[in-house]
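**Q** Take a look at this one; I'll ask things after.
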Amino acid sequence: MSAFANRVVVVTGASSGIGAATARACAASGMRVVLVARRADRLRKVADACEDAGGKAHALAIDVAAAGASEEILAHAVSAFGRVDVVFANAGYGTRAGLIDMSESDLRAMFDVNFFAALSLCRAAARRWIAAGQPGHLIMSSSCIGKFPLAYHGAYCATKASQAMACAALRAELQSHRIAVSSVHPITTKTEFFVESDRRSGAGDSTTEVPDHAPSFLVQSPERVAAAVVRCMHRPVPEVWTSSLVRLSAALFTAWPWLLHQVLDRQAGMERDQDERRLRADSAKR
Ligand SMILES: NC(=O)c1ccc[n+]([C@@H]2O[C@H](COP(=O)([O-])OP(=O)(O)OC[C@H]3O[C@@H](n4cnc5c(N)ncnc54)[C@H](OP(=O)(O)O)[C@@H]3O)[C@@H](O)[C@H]2O)c1
């Protein structure tokens with residue numbers, strides 16, 4: 001039996017995409033998985049897939065941003081499996097909106113789910129581990145665009161950058177307690193993320209799994225991200241990247257900000273062109 005067998009992992013955002021794929025991969029490596037998201041029916045399906053893969057799963061339907069959610073999630077995990085060893089704070093969403101166009105409440109709601117809920121769960125788990133003298137591993141699903149922004153996705157990028165910053169600081173703060181901390185920086189991943197993002201941006205009922213402009217070499221499957229996350233659970237590293245090319249781009253943007261700003265200006269122009277085309281197509285239909 002692997003060293004992984006019977007370790008208990010909490011996965012938020014486990015009802016689809018990266019979270020569901022990671023839950024299945026954890027189960028396949030013998031872990032016991034606590035699945036967290038709002039859609040109970042979807043969680044049940046993922047739980048069945050985890051059990052089919054040879055693991056044990058327990059589902060909890062909850063909004064991660066609800067008051068007291070973090071403690072409730074951990075209490076559920078402990079009552080289901082007796083302990084928690086790993087937290088994968090992955091629940092999140094994006095939207096396409098100019099920063100001045102987005103309402104204050106939408107902006108705060110996105111930070112509540114993507115940043116504050118993830119941090120709150122990690123803080124609560126770390127406090128429990130420290131009190132019990134137990135080691136643990138905290139992992140957050142940030143993004144490659146937590147390291148460099150995209151125009152019209154500024155709010156989302158800010159939530160992901162906040163996660164990356166928090167993880168880097170937490171890692172250093174918690175290492176003496178034998179608690180590892182990692183941030184994950186996936187590139188475009190084929191999940192329901194962009195469908196949800198389009199819905200939230202008012203772009204209608206889209207079924208787009210990836211944005212039109214994403215070149216295929218910059219698109220990955222959730223299984224690929226999940227495999228990288230599980231590797232990190234075996235051997236914790238501070239940052240998990242799933243594309244060396246994008247990791248290098250992020251480093252270049254940091255070293256030469258003028259390059260980043262040129263790329264951003266171009267990307268902002270492309271986004272505006274796309275909006276104009278959409279508007280023209282809509283008015284032609286009327
Ligand atoms: N797809 C990409 O290109 C990409 C790239 C980089 C990073 N990421 C990050 O990866 C993470 C997972 O995204 P994904 O691509 O797998 O998208 P997804 O398929 O849309 O999954 C998002 C998950 O988050 C859950 N969720 C959202 N709001 C929640 C809330 N308030 N409470 C509980 N659960 C909530 C959703 O479940 P319910 O709706 O059932 O609650 C769902 O399980 C996100 O943090 C995203 O920012 C994605």
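Going through the structure tokens in order, the chains are called A, B, and so on, while each chain numbers its residues from 1 and the ligands are numbered from 1 in the order shown.
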Check which residues fall inside 8 Å of ligand 1 when counting only C-alpha atoms and all ligand atoms, and print them as a ChimeraX atom specification.

**A** /A:12-20,36-40,42-43,61-66,89-94,113-114,140-145,156,160,184-196,210,219,222

**Q** Just list the residues in range 37-245 of chain A DSSP gives alpha helix (DSSP H) on the backbone, as a PyMOL selection string.

**A** chain A and resi 40-52+69-81+104-111+118-132+154-174+193-200+222-234+244-245

**Q** Using C-alpha atoms, can you export the residues from the last selection as an mmCIF file, in the first residue's frame?

**A**
data_model
loop_
_atom_site.group_PDB
_atom_site.id
_atom_site.type_symbol
_atom_site.label_atom_id
_atom_site.label_comp_id
_atom_site.auth_asym_id
_atom_site.auth_seq_id
_atom_site.Cartn_x
_atom_site.Cartn_y
_atom_site.Cartn_z
ATOM 1 C CA ALA A 40 -25.013 18.075 -4.191
ATOM 2 C CA ASP A 41 -26.048 16.052 -7.267
ATOM 3 C CA ARG A 42 -22.719 16.681 -8.971
ATOM 4 C CA LEU A 43 -20.793 15.882 -5.806
ATOM 5 C CA ARG A 44 -22.575 12.532 -5.549
ATOM 6 C CA LYS A 45 -21.408 11.639 -9.068
ATOM 7 C CA VAL A 46 -17.806 12.590 -8.271
ATOM 8 C CA ALA A 47 -18.026 10.605 -5.003
ATOM 9 C CA ASP A 48 -19.162 7.530 -6.972
ATOM 10 C CA ALA A 49 -16.244 7.988 -9.399
ATOM 11 C CA CYS A 50 -13.813 8.261 -6.444
ATOM 12 C CA GLU A 51 -15.152 5.047 -4.923
ATOM 13 C CA ASP A 52 -14.926 3.333 -8.333
ATOM 14 C CA ALA A 69 -18.045 27.212 6.358
ATOM 15 C CA SER A 70 -14.359 26.474 7.015
ATOM 16 C CA GLU A 71 -14.962 25.030 10.482
ATOM 17 C CA GLU A 72 -17.972 23.092 9.199
ATOM 18 C CA ILE A 73 -15.934 21.576 6.363
ATOM 19 C CA LEU A 74 -13.120 20.484 8.685
ATOM 20 C CA ALA A 75 -15.539 19.148 11.307
ATOM 21 C CA HIS A 76 -17.297 17.096 8.591
ATOM 22 C CA ALA A 77 -13.995 15.720 7.362
ATOM 23 C CA VAL A 78 -12.946 14.711 10.872
ATOM 24 C CA SER A 79 -16.288 13.076 11.618
ATOM 25 C CA ALA A 80 -16.179 11.197 8.285
ATOM 26 C CA PHE A 81 -12.559 10.064 8.309
ATOM 27 C CA GLU A 104 -18.673 46.692 -5.867
ATOM 28 C CA SER A 105 -20.761 43.781 -4.572
ATOM 29 C CA ASP A 106 -19.671 41.475 -7.432
ATOM 30 C CA LEU A 107 -16.066 42.434 -6.815
ATOM 31 C CA ARG A 108 -16.317 41.674 -3.110
ATOM 32 C CA ALA A 109 -18.234 38.428 -3.729
ATOM 33 C CA MET A 110 -15.448 37.178 -5.985
ATOM 34 C CA PHE A 111 -12.832 37.969 -3.354
ATOM 35 C CA ALA A 118 -9.610 29.694 0.555
ATOM 36 C CA LEU A 119 -7.490 31.505 3.116
ATOM 37 C CA SER A 120 -10.007 30.941 5.890
ATOM 38 C CA LEU A 121 -10.031 27.168 5.248
ATOM 39 C CA CYS A 122 -6.225 27.039 5.164
ATOM 40 C CA ARG A 123 -5.899 29.088 8.351
ATOM 41 C CA ALA A 124 -8.430 26.914 10.169
ATOM 42 C CA ALA A 125 -6.702 23.681 9.072
ATOM 43 C CA ALA A 126 -3.251 25.009 10.008
ATOM 44 C CA ARG A 127 -4.422 26.044 13.465
ATOM 45 C CA ARG A 128 -5.830 22.555 14.059
ATOM 46 C CA TRP A 129 -2.622 20.879 12.877
ATOM 47 C CA ILE A 130 -0.445 23.116 15.044
ATOM 48 C CA ALA A 131 -2.629 22.457 18.106
ATOM 49 C CA ALA A 132 -2.433 18.692 17.463
ATOM 50 C CA GLY A 154 -8.428 42.343 -13.487
ATOM 51 C CA ALA A 155 -10.632 41.408 -10.547
ATOM 52 C CA TYR A 156 -10.112 37.700 -11.083
ATOM 53 C CA CYS A 157 -6.345 38.178 -11.503
ATOM 54 C CA ALA A 158 -6.266 40.174 -8.272
ATOM 55 C CA THR A 159 -7.948 37.334 -6.360
ATOM 56 C CA LYS A 160 -5.467 34.832 -7.805
ATOM 57 C CA ALA A 161 -2.454 37.077 -7.117
ATOM 58 C CA SER A 162 -3.700 37.461 -3.532
ATOM 59 C CA GLN A 163 -3.777 33.684 -3.183
ATOM 60 C CA ALA A 164 -0.236 33.359 -4.556
ATOM 61 C CA MET A 165 1.063 36.012 -2.152
ATOM 62 C CA ALA A 166 -0.702 34.454 0.823
ATOM 63 C CA CYS A 167 0.644 30.988 -0.031
ATOM 64 C CA ALA A 168 4.220 32.217 -0.345
ATOM 65 C CA ALA A 169 4.051 33.967 3.040
ATOM 66 C CA LEU A 170 2.190 31.095 4.719
ATOM 67 C CA ARG A 171 4.778 28.592 3.490
ATOM 68 C CA ALA A 172 7.566 30.439 5.249
ATOM 69 C CA GLU A 173 5.460 31.022 8.381
ATOM 70 C CA LEU A 174 4.357 27.409 8.731
ATOM 71 C CA PHE A 193 -14.876 27.731 -15.820
ATOM 72 C CA PHE A 194 -15.406 29.707 -19.046
ATOM 73 C CA VAL A 195 -19.080 28.741 -19.312
ATOM 74 C CA GLU A 196 -19.586 30.096 -15.804
ATOM 75 C CA SER A 197 -17.462 33.148 -16.571
ATOM 76 C CA ASP A 198 -19.545 33.924 -19.688
ATOM 77 C CA ARG A 199 -22.749 33.472 -17.695
ATOM 78 C CA ARG A 200 -21.557 35.874 -15.018
ATOM 79 C CA PRO A 222 -8.169 19.141 -15.833
ATOM 80 C CA GLU A 223 -6.594 15.683 -15.514
ATOM 81 C CA ARG A 224 -3.193 17.149 -16.355
ATOM 82 C CA VAL A 225 -3.555 19.762 -13.640
ATOM 83 C CA ALA A 226 -4.817 17.092 -11.225
ATOM 84 C CA ALA A 227 -1.771 14.913 -11.898
ATOM 85 C CA ALA A 228 0.520 17.856 -11.109
ATOM 86 C CA VAL A 229 -1.387 18.572 -7.895
ATOM 87 C CA VAL A 230 -1.157 14.946 -6.758
ATOM 88 C CA ARG A 231 2.585 14.927 -7.530
ATOM 89 C CA CYS A 232 2.865 17.994 -5.310
ATOM 90 C CA MET A 233 0.993 16.169 -2.536
ATOM 91 C CA HIS A 234 3.629 13.411 -2.746
ATOM 92 C CA SER A 244 7.095 25.889 -18.491
ATOM 93 C CA LEU A 245 6.492 28.332 -21.339
#

**Q** Can you work out the spacing between CA of Ala97 in chain A and CA of Gln274 in chain A in Å, to one decimal?

**A**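 Interatomic distance here is 13.1 Å.
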
**Q** As an exercise, work out the distance from CA of Arg24 in chain A to CA of Ala57 in chain A in Å and give it to one decimal place.

**A**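 Spanning CA of Arg24 in chain A to CA of Ala57 in chain A is a straight-line distance of 9.5 Å.
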
**Q** Of the candidates A:Ala21, A:Ala203, A:Leu150, A:Leu138, which one gets nearest to Ser221 in chain A if we count only C-alpha atoms?

**A**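 When distances to Ser221 in chain A are compared using only C-alpha atoms, the smallest one comes from A:Ala21.
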
**Q** Go ahead and compute the interatomic distance for CA of Arg32 in chain A and CA of Glu239 in chain A, in Å to one decimal.

**A**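 Taking CA of Arg32 in chain A as the start and CA of Glu239 in chain A as the end point, the length is 23.8 Å.
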
**Q** Just list the residues in range 35-158 of chain A DSSP gives strand (DSSP E) on the backbone, as a ChimeraX atom specification.

**A** /A:35-37,56-61,86-89,136-141

**Q** May I have the residues from that selection written out with N, CA and C atoms, as an mmCIF file, in the first residue's frame?

**A**
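Generated file (selection06.cif):
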data_model
loop_
_atom_site.group_PDB
_atom_site.id
_atom_site.type_symbol
_atom_site.label_atom_id
_atom_site.label_comp_id
_atom_site.auth_asym_id
_atom_site.auth_seq_id
_atom_site.Cartn_x
_atom_site.Cartn_y
_atom_site.Cartn_z
ATOM 1 N N LEU A 35 -15.274 15.853 -0.459
ATOM 2 C CA LEU A 35 -15.631 16.652 -1.637
ATOM 3 C C LEU A 35 -16.529 17.800 -1.210
ATOM 4 N N VAL A 36 -16.146 19.007 -1.586
ATOM 5 C CA VAL A 36 -16.905 20.188 -1.149
ATOM 6 C C VAL A 36 -17.266 21.056 -2.356
ATOM 7 N N ALA A 37 -18.513 21.426 -2.472
ATOM 8 C CA ALA A 37 -19.009 22.394 -3.473
ATOM 9 C C ALA A 37 -20.481 22.620 -3.146
ATOM 10 N N LYS A 56 -12.080 6.308 -0.913
ATOM 11 C CA LYS A 56 -13.310 6.521 -0.142
ATOM 12 C C LYS A 56 -13.626 8.006 -0.244
ATOM 13 N N ALA A 57 -14.921 8.332 -0.374
ATOM 14 C CA ALA A 57 -15.274 9.744 -0.545
ATOM 15 C C ALA A 57 -16.448 10.111 0.348
ATOM 16 N N HIS A 58 -16.431 11.366 0.769
ATOM 17 C CA HIS A 58 -17.536 11.909 1.557
ATOM 18 C C HIS A 58 -17.851 13.284 0.971
ATOM 19 N N ALA A 59 -19.117 13.543 0.683
ATOM 20 C CA ALA A 59 -19.473 14.810 0.026
ATOM 21 C C ALA A 59 -20.159 15.756 0.999
ATOM 22 N N LEU A 60 -19.837 17.028 0.871
ATOM 23 C CA LEU A 60 -20.497 18.053 1.686
ATOM 24 C C LEU A 60 -20.901 19.206 0.765
ATOM 25 N N ALA A 61 -22.215 19.423 0.650
ATOM 26 C CA ALA A 61 -22.696 20.537 -0.174
ATOM 27 C C ALA A 61 -22.768 21.794 0.680
ATOM 28 N N VAL A 86 -4.509 16.955 4.140
ATOM 29 C CA VAL A 86 -4.239 17.886 3.030
ATOM 30 C C VAL A 86 -5.492 18.701 2.747
ATOM 31 N N VAL A 87 -5.321 19.987 2.487
ATOM 32 C CA VAL A 87 -6.446 20.829 2.043
ATOM 33 C C VAL A 87 -6.118 21.357 0.663
ATOM 34 N N PHE A 88 -6.990 21.098 -0.294
ATOM 35 C CA PHE A 88 -6.843 21.683 -1.633
ATOM 36 C C PHE A 88 -7.969 22.702 -1.793
ATOM 37 N N ALA A 89 -7.646 23.981 -1.538
ATOM 38 C CA ALA A 89 -8.635 25.067 -1.630
ATOM 39 C C ALA A 89 -8.702 25.507 -3.083
ATOM 40 N N GLY A 136 0.940 18.797 7.911
ATOM 41 C CA GLY A 136 -0.160 18.931 6.942
ATOM 42 C C GLY A 136 0.329 19.621 5.685
ATOM 43 N N HIS A 137 -0.571 19.712 4.726
ATOM 44 C CA HIS A 137 -0.217 20.349 3.453
ATOM 45 C C HIS A 137 -1.411 21.184 2.973
ATOM 46 N N LEU A 138 -1.159 22.458 2.756
ATOM 47 C CA LEU A 138 -2.185 23.378 2.251
ATOM 48 C C LEU A 138 -1.867 23.702 0.790
ATOM 49 N N ILE A 139 -2.868 23.607 -0.065
ATOM 50 C CA ILE A 139 -2.657 23.899 -1.489
ATOM 51 C C ILE A 139 -3.801 24.797 -1.963
ATOM 52 N N MET A 140 -3.473 25.862 -2.659
ATOM 53 C CA MET A 140 -4.524 26.722 -3.238
ATOM 54 C C MET A 140 -4.435 26.695 -4.745
ATOM 55 N N SER A 141 -5.595 26.677 -5.409
ATOM 56 C CA SER A 141 -5.666 26.798 -6.862
ATOM 57 C C SER A 141 -5.585 28.271 -7.216
#

**Q** Taking only C-alpha atoms into account, name the residue in A:Ala53, A:Ser243, A:Ser103, A:Ala180 that is nearest to Gln220 in chain A.

**A**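 Closest to Gln220 in chain A of all the choices is A:Ser243.
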
**Q** Counting only C-alpha atoms, which of A:Ala23, A:Met31, A:Ala251, A:Ala268 gets nearest to Val8 in chain A?

**A**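 Of all the options, A:Met31 lies closest to Val8 in chain A.
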
**Q** Have a look at A:Ala28, A:Leu218, A:Ile179, A:Arg277 and name the one nearest to Arg247 in chain A; count only C-alpha atoms.

**A**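 Nearest candidate to Arg247 in chain A out of A:Ala28, A:Leu218, A:Ile179, A:Arg277: A:Leu218.
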